[in-house]
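S.K.: I am sharing final-v4.pdb, which consists of PDB, C-alpha atoms and all ligand atoms:
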ATOM      1  CA  MET A   1       4.368  15.273   4.827
ATOM      2  CA  THR A   2       1.433  14.414   2.598
ATOM      3  CA  ILE A   3       0.034  10.954   1.886
ATOM      4  CA  LYS A   4      -2.296  10.620  -1.065
ATOM      5  CA  PHE A   5      -4.307   7.511  -1.924
ATOM      6  CA  LYS A   6      -4.917   7.940  -5.637
ATOM      7  CA  ASP A   7      -8.338   6.913  -6.891
ATOM      8  CA  VAL A   8      -7.187   4.111  -9.188
ATOM      9  CA  GLY A   9     -10.381   2.074  -9.181
ATOM     10  CA  GLN A  10      -9.895  -1.363  -7.647
ATOM     11  CA  GLY A  11      -6.292  -1.350  -6.403
ATOM     12  CA  ASP A  12      -3.635   0.763  -4.723
ATOM     13  CA  SER A  13      -1.402   3.672  -5.732
ATOM     14  CA  ILE A  14      -0.092   5.769  -2.842
ATOM     15  CA  LEU A  15       1.992   8.908  -3.214
ATOM     16  CA  VAL A  16       4.049  10.127  -0.228
ATOM     17  CA  THR A  17       5.630  13.588  -0.484
ATOM     18  CA  TRP A  18       7.633  15.664   1.960
ATOM     19  CA  LEU A  19       9.898  18.712   1.913
ATOM     20  CA  ILE A  20      13.502  19.012   3.077
ATOM     21  CA  ASP A  21      14.905  22.557   2.808
ATOM     22  CA  ASP A  22      12.169  23.387   0.261
ATOM     23  CA  LYS A  23      13.116  20.408  -1.919
ATOM     24  CA  LEU A  24      10.249  18.055  -2.739
ATOM     25  CA  HIS A  25      10.846  14.384  -1.923
ATOM     26  CA  VAL A  26       8.696  11.579  -3.300
ATOM     27  CA  GLY A  27       7.914   8.010  -2.279
ATOM     28  CA  ILE A  28       5.524   5.632  -4.053
ATOM     29  CA  ILE A  29       3.738   2.559  -2.744
ATOM     30  CA  ASP A  30       2.273   0.434  -5.557
ATOM     31  CA  CYS A  31       0.968   1.614  -8.915
ATOM     32  CA  ASN A  32      -2.262   0.411 -10.503
ATOM     33  CA  ILE A  33      -3.816   1.042 -13.908
ATOM     34  CA  HIS A  34      -7.390   2.298 -13.502
ATOM     35  CA  GLN A  35     -10.191   0.352 -15.219
ATOM     36  CA  ASP A  36     -10.480   3.384 -17.539
ATOM     37  CA  LYS A  37      -6.878   2.531 -18.656
ATOM     38  CA  THR A  38      -5.324   5.665 -17.133
ATOM     39  CA  ASN A  39      -2.422   5.531 -14.689
ATOM     40  CA  PRO A  40      -3.485   8.206 -12.158
ATOM     41  CA  LEU A  41      -0.296   8.102 -10.087
ATOM     42  CA  LEU A  42       1.923   8.418 -13.154
ATOM     43  CA  LEU A  43      -0.257  11.285 -14.453
ATOM     44  CA  GLU A  44       0.312  13.167 -11.216
ATOM     45  CA  LEU A  45       4.030  12.333 -11.112
ATOM     46  CA  SER A  46       4.523  13.615 -14.648
ATOM     47  CA  SER A  47       3.190  17.030 -13.554
ATOM     48  CA  MET A  48       5.858  17.269 -10.830
ATOM     49  CA  ALA A  49       9.337  18.630 -11.514
ATOM     50  CA  ILE A  50      11.435  15.950  -9.841
ATOM     51  CA  GLU A  51      14.819  14.408 -10.584
ATOM     52  CA  THR A  52      14.728  11.756  -7.883
ATOM     53  CA  ILE A  53      12.243   9.369  -6.283
ATOM     54  CA  ASP A  54      13.379   8.405  -2.780
ATOM     55  CA  PHE A  55      11.658   5.010  -2.791
ATOM     56  CA  ILE A  56       9.184   2.807  -4.619
ATOM     57  CA  PHE A  57       7.502  -0.068  -2.810
ATOM     58  CA  LEU A  58       5.895  -3.057  -4.489
ATOM     59  CA  SER A  59       3.808  -4.075  -1.468
ATOM     60  CA  HIS A  60       3.096  -7.606  -2.731
ATOM     61  CA  PRO A  61       2.826  -9.325  -6.126
ATOM     62  CA  HIS A  62      -0.878  -8.824  -6.892
ATOM     63  CA  TYR A  63      -1.983  -7.288 -10.164
ATOM     64  CA  ASP A  64      -4.055  -4.466  -8.653
ATOM     65  CA  HIS A  65      -0.868  -3.272  -6.917
ATOM     66  CA  TYR A  66       1.691  -3.603  -9.763
ATOM     67  CA  SER A  67      -0.237  -3.258 -13.055
ATOM     68  CA  GLY A  68       1.026   0.332 -13.659
ATOM     69  CA  LEU A  69       4.510  -0.032 -12.234
ATOM     70  CA  GLU A  70       6.372  -0.938 -15.417
ATOM     71  CA  GLU A  71       4.847   2.071 -17.214
ATOM     72  CA  LEU A  72       6.047   4.240 -14.323
ATOM     73  CA  LEU A  73       9.578   2.811 -14.598
ATOM     74  CA  ILE A  74       9.618   3.405 -18.373
ATOM     75  CA  TYR A  75       8.595   7.024 -17.751
ATOM     76  CA  CYS A  76      11.352   7.472 -15.130
ATOM     77  CA  ALA A  77      13.925   5.985 -17.506
ATOM     78  CA  SER A  78      12.847   8.354 -20.309
ATOM     79  CA  LYS A  79      13.195  11.372 -17.983
ATOM     80  CA  LYS A  80      16.326  10.021 -16.252
ATOM     81  CA  ILE A  81      14.567  10.208 -12.883
ATOM     82  CA  ILE A  82      16.669   8.385 -10.302
ATOM     83  CA  ILE A  83      14.935   5.850  -8.045
ATOM     84  CA  GLU A  84      17.086   5.592  -4.945
ATOM     85  CA  LYS A  85      15.472   2.472  -3.444
ATOM     86  CA  PHE A  86      13.151  -0.138  -4.888
ATOM     87  CA  PHE A  87      11.648  -2.231  -2.079
ATOM     88  CA  HIS A  88       9.767  -5.485  -2.614
ATOM     89  CA  THR A  89       8.794  -8.675  -0.788
ATOM     90  CA  CYS A  90       9.240 -11.220  -3.593
ATOM     91  CA  SER A  91      11.939 -13.674  -4.375
ATOM     92  CA  PRO A  92      12.124 -12.857  -8.091
ATOM     93  CA  THR A  93      12.564 -16.358  -9.460
ATOM     94  CA  GLU A  94      10.303 -17.483 -12.268
ATOM     95  CA  GLU A  95       8.776 -20.228 -10.143
ATOM     96  CA  PHE A  96       8.079 -17.855  -7.264
ATOM     97  CA  LEU A  97       6.532 -15.147  -9.420
ATOM     98  CA  ARG A  98       4.325 -17.636 -11.252
ATOM     99  CA  ALA A  99       2.999 -18.896  -7.918
ATOM    100  CA  SER A 100       1.903 -15.356  -7.003
ATOM    101  CA  VAL A 101      -0.554 -14.771  -9.827
ATOM    102  CA  SER A 102      -3.630 -16.419 -11.294
ATOM    103  CA  THR A 103      -4.025 -15.409 -14.943
ATOM    104  CA  PRO A 104      -1.702 -15.348 -17.988
ATOM    105  CA  LEU A 105      -2.042 -11.523 -18.140
ATOM    106  CA  GLU A 106      -0.986 -11.154 -14.503
ATOM    107  CA  ASP A 107       1.859 -13.607 -15.047
ATOM    108  CA  GLN A 108       3.118 -11.863 -18.172
ATOM    109  CA  THR A 109       2.814  -8.378 -16.630
ATOM    110  CA  LEU A 110       4.738  -9.424 -13.517
ATOM    111  CA  ALA A 111       7.479 -11.192 -15.514
ATOM    112  CA  SER A 112       7.817  -8.145 -17.768
ATOM    113  CA  LEU A 113       7.945  -5.805 -14.742
ATOM    114  CA  TRP A 114      10.676  -7.891 -13.190
ATOM    115  CA  ALA A 115      12.731  -7.950 -16.360
ATOM    116  CA  ARG A 116      12.419  -4.129 -16.461
ATOM    117  CA  ILE A 117      13.509  -3.780 -12.807
ATOM    118  CA  ASP A 118      16.556  -5.973 -13.509
ATOM    119  CA  ALA A 119      17.417  -4.025 -16.661
ATOM    120  CA  LEU A 120      17.226  -0.666 -14.856
ATOM    121  CA  GLU A 121      19.250  -1.718 -11.816
ATOM    122  CA  GLY A 122      22.480   0.230 -11.767
ATOM    123  CA  SER A 123      21.122   2.910 -14.089
ATOM    124  CA  ILE A 124      18.050   4.775 -12.819
ATOM    125  CA  ILE A 125      17.323   2.252 -10.045
ATOM    126  CA  GLN A 126      20.155   2.701  -7.600
ATOM    127  CA  SER A 127      19.349  -0.157  -5.246
ATOM    128  CA  ILE A 128      16.859  -2.985  -4.927
ATOM    129  CA  ALA A 129      16.076  -4.483  -1.544
ATOM    130  CA  MET A 130      13.856  -7.332  -0.448
ATOM    131  CA  ILE A 131      12.381  -5.939   2.746
ATOM    132  CA  ASN A 132      10.816  -7.567   5.793
ATOM    133  CA  GLU A 133      10.138  -7.010   9.477
ATOM    134  CA  ALA A 134      13.837  -7.544  10.289
ATOM    135  CA  SER A 135      14.945  -4.672   8.004
ATOM    136  CA  GLY A 136      15.885  -1.500   9.843
ATOM    137  CA  ALA A 137      14.240   1.915   9.845
ATOM    138  CA  THR A 138      14.661   4.425   7.011
ATOM    139  CA  THR A 139      14.768   8.156   7.731
ATOM    140  CA  LEU A 140      12.600  10.442   5.603
ATOM    141  CA  ASP A 141      13.435  13.768   7.251
ATOM    142  CA  GLY A 142      14.202  15.260  10.673
ATOM    143  CA  LYS A 143      10.779  14.186  11.946
ATOM    144  CA  TRP A 144       9.567  11.107  10.065
ATOM    145  CA  LYS A 145      11.023   7.612   9.624
ATOM    146  CA  PHE A 146       9.495   4.399   8.370
ATOM    147  CA  VAL A 147       9.894   0.727   9.147
ATOM    148  CA  VAL A 148       8.027  -2.325   7.879
ATOM    149  CA  LEU A 149       6.149  -4.493  10.390
ATOM    150  CA  ALA A 150       5.281  -7.124   7.760
ATOM    151  CA  PRO A 151       5.966  -9.421   6.117
ATOM    152  CA  ALA A 152       7.944 -11.242   8.794
ATOM    153  CA  TYR A 153       9.673 -14.616   8.617
ATOM    154  CA  ARG A 154       6.358 -16.219   9.688
ATOM    155  CA  GLU A 155       4.362 -14.846   6.744
ATOM    156  CA  GLN A 156       7.149 -15.641   4.270
ATOM    157  CA  GLN A 157       7.270 -19.241   5.525
ATOM    158  CA  ASP A 158       3.475 -19.554   5.363
ATOM    159  CA  PHE A 159       3.539 -18.263   1.788
ATOM    160  CA  ASN A 160       6.236 -20.758   0.835
ATOM    161  CA  ALA A 161       4.316 -23.657   2.378
ATOM    162  CA  LEU A 162       1.147 -22.684   0.457
ATOM    163  CA  ARG A 163       3.136 -22.119  -2.738
ATOM    164  CA  ILE A 164       4.157 -25.758  -2.646
ATOM    165  CA  SER A 165       0.862 -27.284  -1.431
ATOM    166  CA  GLN A 166      -1.508 -25.067  -3.489
ATOM    167  CA  PRO A 167       0.415 -23.779  -6.506
ATOM    168  CA  LYS A 168      -2.713 -22.219  -8.050
ATOM    169  CA  ALA A 169      -3.873 -20.346  -4.937
ATOM    170  CA  ALA A 170      -2.889 -16.831  -5.961
ATOM    171  CA  TYR A 171      -4.699 -15.282  -2.967
ATOM    172  CA  LYS A 172      -1.800 -16.457  -0.801
ATOM    173  CA  SER A 173       0.367 -13.570  -2.061
ATOM    174  CA  ASN A 174      -1.459 -11.360   0.431
ATOM    175  CA  LEU A 175       0.783 -13.040   3.014
ATOM    176  CA  LEU A 176       3.676 -11.102   1.478
ATOM    177  CA  SER A 177       1.930  -7.739   1.938
ATOM    178  CA  THR A 178       3.884  -4.958   3.549
ATOM    179  CA  ILE A 179       2.650  -3.119   6.587
ATOM    180  CA  ILE A 180       4.560   0.155   6.549
ATOM    181  CA  LYS A 181       4.726   2.232   9.690
ATOM    182  CA  ILE A 182       5.673   5.866   9.112
ATOM    183  CA  TYR A 183       6.392   7.413  12.494
ATOM    184  CA  SER A 184       7.539  10.513  14.344
ATOM    185  CA  PRO A 185       8.506  10.716  18.050
ATOM    186  CA  ASP A 186       4.831  10.926  19.055
ATOM    187  CA  ALA A 187       2.611   9.622  16.257
ATOM    188  CA  TYR A 188       2.387   7.114  13.419
ATOM    189  CA  ILE A 189       0.640   6.096  10.219
ATOM    190  CA  LEU A 190      -0.013   2.503   9.123
ATOM    191  CA  LEU A 191      -0.191   1.565   5.433
ATOM    192  CA  THR A 192      -1.300  -2.044   5.296
ATOM    193  CA  SER A 193      -1.738  -3.027   1.600
ATOM    194  CA  ASP A 194      -3.543  -6.431   1.610
ATOM    195  CA  ALA A 195      -2.139  -7.758   4.922
ATOM    196  CA  GLU A 196      -3.836 -10.846   6.337
ATOM    197  CA  HIS A 197      -5.812 -11.115   9.587
ATOM    198  CA  LYS A 198      -3.146 -13.369  11.111
ATOM    199  CA  THR A 199      -0.427 -10.834  10.323
ATOM    200  CA  PHE A 200      -2.254  -8.219  12.426
ATOM    201  CA  LYS A 201      -2.613 -10.826  15.161
ATOM    202  CA  ARG A 202       1.155 -11.441  15.165
ATOM    203  CA  ILE A 203       1.904  -7.730  15.395
ATOM    204  CA  LEU A 204      -0.612  -7.283  18.195
ATOM    205  CA  MET A 205       1.313  -9.886  20.252
ATOM    206  CA  HIS A 206       4.666  -8.350  19.438
ATOM    207  CA  ARG A 207       6.472  -6.618  22.273
ATOM    208  CA  MET A 208       7.945  -4.013  19.968
ATOM    209  CA  HIS A 209       4.490  -3.110  18.734
ATOM    210  CA  ALA A 210       3.320  -2.492  22.309
ATOM    211  CA  GLU A 211       6.051   0.124  22.516
ATOM    212  CA  PHE A 212       4.883   1.787  19.292
ATOM    213  CA  SER A 213       1.287   1.726  20.491
ATOM    214  CA  LYS A 214       2.033   4.410  23.045
ATOM    215  CA  LEU A 215       2.115   6.750  20.075
ATOM    216  CA  GLU A 216      -1.016   8.148  18.447
ATOM    217  CA  LEU A 217      -2.337   6.669  15.212
ATOM    218  CA  LEU A 218      -2.888   9.575  12.806
ATOM    219  CA  LEU A 219      -3.972   7.558   9.757
ATOM    220  CA  GLY A 220      -4.578   3.905   8.963
ATOM    221  CA  GLN A 221      -5.248   2.042   5.748
ATOM    222  CA  VAL A 222      -7.912  -0.652   5.940
ATOM    223  CA  SER A 223      -6.263  -3.786   4.598
ATOM    224  CA  HIS A 224      -7.289  -5.484   1.350
ATOM    225  CA  HIS A 225      -9.682  -2.790   0.130
ATOM    226  CA  GLY A 226     -11.924  -3.189   3.192
ATOM    227  CA  ALA A 227     -12.331  -6.983   2.984
ATOM    228  CA  GLU A 228     -13.939  -8.575   6.028
ATOM    229  CA  ALA A 229     -11.514 -11.556   6.087
ATOM    230  CA  ASN A 230      -8.481  -9.306   6.532
ATOM    231  CA  PHE A 231     -10.021  -7.032   9.175
ATOM    232  CA  HIS A 232      -8.685  -7.500  12.719
ATOM    233  CA  GLU A 233     -11.086  -5.508  14.867
ATOM    234  CA  LYS A 234      -9.088  -5.815  18.107
ATOM    235  CA  PHE A 235      -5.908  -4.650  16.386
ATOM    236  CA  TRP A 236      -7.472  -1.399  15.234
ATOM    237  CA  LYS A 237      -9.475  -0.865  18.413
ATOM    238  CA  ASN A 238      -6.190  -1.070  20.378
ATOM    239  CA  GLN A 239      -4.485   1.681  18.409
ATOM    240  CA  LYS A 240      -4.491   4.926  20.353
ATOM    241  CA  HIS A 241      -6.385   7.436  18.230
ATOM    242  CA  ASN A 242      -8.687  10.376  18.523
ATOM    243  CA  LYS A 243     -12.164  10.657  17.141
ATOM    244  CA  LEU A 244     -11.043  12.211  13.879
ATOM    245  CA  SER A 245      -8.328   9.662  12.991
ATOM    246  CA  PRO A 246      -9.082   8.629   9.420
ATOM    247  CA  MET A 247      -9.038   5.091   8.062
ATOM    248  CA  ALA A 248      -8.577   5.050   4.294
ATOM    249  CA  ILE A 249      -9.982   2.369   2.000
ATOM    250  CA  SER A 250      -8.672   2.300  -1.563
ATOM    251  CA  VAL A 251     -11.165   0.362  -3.632
ATOM    252  CA  GLY A 252     -13.009   0.469  -6.934
ATOM    253  CA  PRO A 253     -15.760  -1.501  -8.658
ATOM    254  CA  ASN A 254     -15.122  -5.199  -7.968
ATOM    255  CA  HIS A 255     -16.947  -8.506  -7.691
ATOM    256  CA  TYR A 256     -15.455  -9.430  -4.297
ATOM    257  CA  GLY A 257     -17.821  -7.235  -2.291
ATOM    258  CA  HIS A 258     -15.049  -4.840  -1.147
ATOM    259  CA  PRO A 259     -15.405  -2.826   0.984
ATOM    260  CA  SER A 260     -17.381  -4.718   3.615
ATOM    261  CA  ALA A 261     -20.232  -2.674   5.139
ATOM    262  CA  ASN A 262     -19.574  -4.542   8.386
ATOM    263  CA  VAL A 263     -15.922  -3.420   8.476
ATOM    264  CA  ILE A 264     -16.963   0.189   7.872
ATOM    265  CA  SER A 265     -19.562   0.207  10.628
ATOM    266  CA  LYS A 266     -17.209  -1.513  13.112
ATOM    267  CA  LEU A 267     -14.525   1.104  12.450
ATOM    268  CA  GLN A 268     -17.078   3.858  12.939
ATOM    269  CA  SER A 269     -18.225   2.269  16.201
ATOM    270  CA  HIS A 270     -14.596   2.532  17.405
ATOM    271  CA  ASN A 271     -14.577   6.246  16.604
ATOM    272  CA  PHE A 272     -12.661   6.191  13.342
ATOM    273  CA  LYS A 273     -13.526   8.404  10.404
ATOM    274  CA  VAL A 274     -13.740   6.164   7.320
ATOM    275  CA  ASP A 275     -12.723   7.554   3.914
ATOM    276  CA  VAL A 276     -13.214   5.577   0.692
ATOM    277  CA  THR A 277     -11.808   6.282  -2.773
ATOM    278  CA  MET A 278     -14.976   4.810  -4.349
ATOM    279  CA  LEU A 279     -18.207   6.482  -3.339
ATOM    280  CA  ASN A 280     -20.759   4.678  -5.481
ATOM    281  CA  SER A 281     -20.990   1.286  -3.865
ATOM    282  CA  SER A 282     -23.903  -0.111  -1.914
ATOM    283  CA  ALA A 283     -21.619  -0.927   1.060
ATOM    284  CA  VAL A 284     -20.420   2.637   1.148
ATOM    285  CA  SER A 285     -23.800   4.276   0.778
ATOM    286  CA  THR A 286     -25.532   2.076   3.340
ATOM    287  CA  ALA A 287     -22.825   2.066   6.003
ATOM    288  CA  LEU A 288     -21.197   5.442   5.799
ATOM    289  CA  SER A 289     -22.433   8.475   7.599
ATOM    290  CA  SER A 290     -19.248  10.539   7.571
ATOM    291  CA  ILE A 291     -17.220   9.790   4.483
ATOM    292  CA  SER A 292     -15.192  12.208   2.428
ATOM    293  CA  THR A 293     -17.300  13.823  -0.281
ATOM    294  CA  LEU A 294     -16.500  14.278  -3.912
ATOM    295  CA  ALA A 295     -15.634  17.880  -4.815
ATOM    296  CA  PRO A 296     -18.065  19.420  -7.350
ATOM    297  CA  GLY A 297     -16.894  18.766 -10.899
ATOM    298  CA  SER A 298     -14.269  16.287  -9.757
ATOM    299  CA  THR A 299     -14.141  12.907 -11.435
ATOM    300  CA  SER A 300     -11.710  11.221  -9.066
ATOM    301  CA  ASN A 301     -11.791  10.818  -5.344
ATOM    302  CA  ASP A 302      -8.173  10.864  -4.227
ATOM    303  CA  LEU A 303      -7.796  10.832  -0.453
ATOM    304  CA  THR A 304      -5.171  13.338   0.715
ATOM    305  CA  TYR A 305      -3.827  13.655   4.262
ATOM    306  CA  SER A 306      -1.249  16.191   5.418
ATOM    307  CA  PHE A 307       0.736  15.996   8.642
TER     308      PHE A 307
HETATM  309 ZN    ZN B   1      -5.133  -5.658  -3.599
END
Turn this file's structure into C-alpha cells for me.

M.R.:
Amino acid sequence: MTIKFKDVGQGDSILVTWLIDDKLHVGIIDCNIHQDKTNPLLLELSSMAIETIDFIFLSHPHYDHYSGLEELLIYCASKKIIIEKFFHTCSPTEEFLRASVSTPLEDQTLASLWARIDALEGSIIQSIAMINEASGATTLDGKWKFVVLAPAYREQQDFNALRISQPKAAYKSNLLSTIIKIYSPDAYILLTSDAEHKTFKRILMHRMHAEFSKLELLLGQVSHHGAEANFHEKFWKNQKHNKLSPMAISVGPNHYGHPSANVISKLQSHNFKVDVTMLNSSAVSTALSSISTLAPGSTSNDLTYSF
C-alpha cells in the first residue's frame, strides 16, 4: 500500500493506492486546488488507467480540503470512473453547509459540490455514507482495513451547539474532521485531517484505542497543517513507534503560521521524523533537522510512504 500526500499548497489531497491480484485500487482523502490553480491530485489520477475508485473521503467541510473535489467528480463522470463509496461527515442541508464556511466563494463552492454529489449518486457514485466513530471497519485487502476514530457523537454535538451559538464561526468545522485509522494485524497509520485537540483527548481515554495502541504506528499526519492549537503532545507520545516513524504535515504558504515550529521540535524530541510538503517556511527551516528533501529539478514536494 502507498500513501501519498500531494503537495497542494495550503490544504490536503491524499492518494491511497494498493494492489489486489495485480489490480490497482485507489482511495482519495480530500482534494484541494493549489494556489497556482492546478489540481495536483487530479493531474496524477488522470495519468492512471483506472475504472474504479474504491472510496473518496471529504474529511470535513473546509475549503482547503474540498476546493478541487467537484473538478475531480466532473473528470470521473466524463471518464465513467465508478466511485464505490463517498464518505463525508456533513449533514448536507443548506443551513448546515452555510454554517461550515466563512466566505461567499467557500459557500458557493461547497453548495455546488453538494449539488454535483447528489446529481451523480446512482450513476458514477454508487453509495454515499455519512461516517463517524460508530461506523464499522472497511476492508481494503487481505492485510489492511480502515476505521474512523472521529468524528464521534461528542464532536458532532459540539459542532451543532457552536453552529447555533456562533453561526459565523467557520473554524468550528474542524470538529467534524475525520481521523482515519488504516491498520493491519500489527501496525497502523493515522490520517487526522484538521482534528481538534479535544478529539485526540477523547480518543486517548477510549478503551478501544488502548487496544489499538498495542500496535505500532507506522505513519501519522500532524493535524491541521501543524497548528499548535490542534497538537496533543501526550497523544502522539503515547503511540508506540520507532525512531524512523514519519509524521507528515501537509501545508503551504499561509497567514496562520502553520506549521508551528514548536510542534515540529516537540515531535522530533519524541523521536518522530517530521516530513513537510512545504519546505520554504521559516518554521520549517528553523526547526527541522531531518526533513524530506526536494529532489533536484522537482517543483513539488509530495510525501510518499509505502508499506
Ligand atoms: Zn485544513

S.K.: Running the PyMOL selection byres (((not hetatm)) within 12 of (chain B and resi 1)) on this model by hand, what would come out? Give it as a ChimeraX atom specification.

M.R.: /A:8-13,30-32,58-67,101,170-178,192-196,222-227,230,249-252,254,256,258-259

S.K.: Print the selection's residues with C-alpha atoms to a file, as a PDB file, keeping the file's coordinate frame.

M.R.:
ATOM      1  CA  VAL A   8      -7.187   4.111  -9.188  1.00  0.00           C
ATOM      2  CA  GLY A   9     -10.381   2.074  -9.181  1.00  0.00           C
ATOM      3  CA  GLN A  10      -9.895  -1.363  -7.647  1.00  0.00           C
ATOM      4  CA  GLY A  11      -6.292  -1.350  -6.403  1.00  0.00           C
ATOM      5  CA  ASP A  12      -3.635   0.763  -4.723  1.00  0.00           C
ATOM      6  CA  SER A  13      -1.402   3.672  -5.732  1.00  0.00           C
ATOM      7  CA  ASP A  30       2.273   0.434  -5.557  1.00  0.00           C
ATOM      8  CA  CYS A  31       0.968   1.614  -8.915  1.00  0.00           C
ATOM      9  CA  ASN A  32      -2.262   0.411 -10.503  1.00  0.00           C
ATOM     10  CA  LEU A  58       5.895  -3.057  -4.489  1.00  0.00           C
ATOM     11  CA  SER A  59       3.808  -4.075  -1.468  1.00  0.00           C
ATOM     12  CA  HIS A  60       3.096  -7.606  -2.731  1.00  0.00           C
ATOM     13  CA  PRO A  61       2.826  -9.325  -6.126  1.00  0.00           C
ATOM     14  CA  HIS A  62      -0.878  -8.824  -6.892  1.00  0.00           C
ATOM     15  CA  TYR A  63      -1.983  -7.288 -10.164  1.00  0.00           C
ATOM     16  CA  ASP A  64      -4.055  -4.466  -8.653  1.00  0.00           C
ATOM     17  CA  HIS A  65      -0.868  -3.272  -6.917  1.00  0.00           C
ATOM     18  CA  TYR A  66       1.691  -3.603  -9.763  1.00  0.00           C
ATOM     19  CA  SER A  67      -0.237  -3.258 -13.055  1.00  0.00           C
ATOM     20  CA  VAL A 101      -0.554 -14.771  -9.827  1.00  0.00           C
ATOM     21  CA  ALA A 170      -2.889 -16.831  -5.961  1.00  0.00           C
ATOM     22  CA  TYR A 171      -4.699 -15.282  -2.967  1.00  0.00           C
ATOM     23  CA  LYS A 172      -1.800 -16.457  -0.801  1.00  0.00           C
ATOM     24  CA  SER A 173       0.367 -13.570  -2.061  1.00  0.00           C
ATOM     25  CA  ASN A 174      -1.459 -11.360   0.431  1.00  0.00           C
ATOM     26  CA  LEU A 175       0.783 -13.040   3.014  1.00  0.00           C
ATOM     27  CA  LEU A 176       3.676 -11.102   1.478  1.00  0.00           C
ATOM     28  CA  SER A 177       1.930  -7.739   1.938  1.00  0.00           C
ATOM     29  CA  THR A 178       3.884  -4.958   3.549  1.00  0.00           C
ATOM     30  CA  THR A 192      -1.300  -2.044   5.296  1.00  0.00           C
ATOM     31  CA  SER A 193      -1.738  -3.027   1.600  1.00  0.00           C
ATOM     32  CA  ASP A 194      -3.543  -6.431   1.610  1.00  0.00           C
ATOM     33  CA  ALA A 195      -2.139  -7.758   4.922  1.00  0.00           C
ATOM     34  CA  GLU A 196      -3.836 -10.846   6.337  1.00  0.00           C
ATOM     35  CA  VAL A 222      -7.912  -0.652   5.940  1.00  0.00           C
ATOM     36  CA  SER A 223      -6.263  -3.786   4.598  1.00  0.00           C
ATOM     37  CA  HIS A 224      -7.289  -5.484   1.350  1.00  0.00           C
ATOM     38  CA  HIS A 225      -9.682  -2.790   0.130  1.00  0.00           C
ATOM     39  CA  GLY A 226     -11.924  -3.189   3.192  1.00  0.00           C
ATOM     40  CA  ALA A 227     -12.331  -6.983   2.984  1.00  0.00           C
ATOM     41  CA  ASN A 230      -8.481  -9.306   6.532  1.00  0.00           C
ATOM     42  CA  ILE A 249      -9.982   2.369   2.000  1.00  0.00           C
ATOM     43  CA  SER A 250      -8.672   2.300  -1.563  1.00  0.00           C
ATOM     44  CA  VAL A 251     -11.165   0.362  -3.632  1.00  0.00           C
ATOM     45  CA  GLY A 252     -13.009   0.469  -6.934  1.00  0.00           C
ATOM     46  CA  ASN A 254     -15.122  -5.199  -7.968  1.00  0.00           C
ATOM     47  CA  TYR A 256     -15.455  -9.430  -4.297  1.00  0.00           C
ATOM     48  CA  HIS A 258     -15.049  -4.840  -1.147  1.00  0.00           C
ATOM     49  CA  PRO A 259     -15.405  -2.826   0.984  1.00  0.00           C
TER      50      PRO A 259
END

S.K.: Closest to A:Ser260 among A:Lys4, A:Glu228, A:His241, A:Leu19, using all atoms listed in the file?

M.R.: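 The shortest atom-to-atom distance to A:Ser260 comes from A:Glu228.
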
S.K.: Counting only C-alpha atoms, which residue out of A:Tyr183, A:Gln239, A:Lys266, A:Leu244 sits closest to A:Ala137?

M.R.: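 The closest residue to A:Ala137 is A:Tyr183.
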
S.K.: Would you please work out which residue, of A:Ala129, A:Leu72, A:Leu204, A:Ser135, is nearest to A:Ser91 when using all atoms listed in the file?

M.R.: A:Ala129

S.K.: Can you list, as a PyMOL selection string, every protein, DNA or RNA residue that comes within 12 Å of A:Ala115 when you count all atoms listed in the file, leaving out same-chain residues fewer than 3 positions away?

M.R.: chain A and resi 70+73-74+92-94+97+108-112+118-121

S.K.: Let me make sure I understand: among A:Tyr188, A:Phe96, A:Phe57, A:Trp144, which one has the smallest atom-to-atom distance to A:Ile20 if we use only C-alpha atoms?

M.R.: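 Of all the options, A:Trp144 lies closest to A:Ile20.
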
S.K.: Any idea what's packed within 12 Å of A:Ala49, counting all atoms listed in the file, ignoring anything in its chain fewer than 2 positions away? Could you give it as a ChimeraX atom specification?

M.R.: /A:23-26,44-47,51-53,76,79,81

S.K.: Just give me the gap between atom CA of A:Thr139 and atom CA of A:Ile203 in Å, one decimal is fine.

M.R.: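 Answer for the atom CA of A:Thr139 to atom CA of A:Ile203 separation: 21.8 Å.
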
S.K.: Mind giving me the straight-line distance from atom CA of A:Leu43 to atom CA of A:Gly257 in Å, one decimal?

M.R.: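 Here the two named atoms are 28.3 Å from each other.
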
S.K.: Evaluate the PyMOL selection byres (((chain A and resi 179) around 6) and not hetatm) and record the selected residues as a PyMOL selection string, following the chain and residue labels used in the document.

M.R.: chain A and resi 148-150+178+180+191-192

S.K.: Give me the result of the PyMOL selection byres (((chain A and resi 240) around 12) and not hetatm) on this file, residue by residue, as a ChimeraX atom specification.

M.R.: /A:186-189,210-220,234-239,241-245,270-272

S.K.: Name the residues within 7 Å of (-7.6, 4.3, 1.3), counting only C-alpha atoms in the file's coordinates, and put them as a list of chain:residue names.

M.R.: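 These residues have at least one counted atom within 7 Å: A:Phe5, A:Gln221, A:Val222, A:Met247, A:Ala248, A:Ile249, A:Ser250, A:Asp275, A:Val276, A:Thr277, A:Leu303.
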
S.K.: In Å, with one decimal, what is the gap from atom CA of A:Phe200 to atom CA of A:Asp302?

M.R.: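 That distance, rounded to one decimal, is 26.0 Å.
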
S.K.: From the options A:Arg163, A:Pro246, A:Trp18, A:Ile83, which residue's atoms come nearest to A:Gly122, counting all atoms listed in the file?

M.R.: A:Ile83

S.K.: Do you have, as CSV, the list of residues of stretch 98-143 of chain A lying at most 9 Å from stretch 87-90 of chain A, each with its nearest atom pair and that distance in Å to one decimal, counting all atoms listed in the file and ordered by chain then number?

M.R.:
residue,atom,partner,partner_atom,distance
A:Ser127,CA,A:Phe87,CA,8.6
A:Ile128,CA,A:Phe87,CA,6.0
A:Ala129,CA,A:Phe87,CA,5.0
A:Met130,CA,A:His88,CA,5.0
A:Ile131,CA,A:Thr89,CA,5.7
A:Asn132,CA,A:Thr89,CA,7.0

S.K.: Padding of 3 Å on every side, edges along x, y and z, all listed atoms of stretch 191-206 of chain A included: what centre and edge lengths in Å, to one decimal, does that box have, as JSON?

M.R.:
{"center_x": -0.6, "center_y": -5.9, "center_z": 10.9, "size_x": 16.5, "size_y": 20.9, "size_z": 24.7}
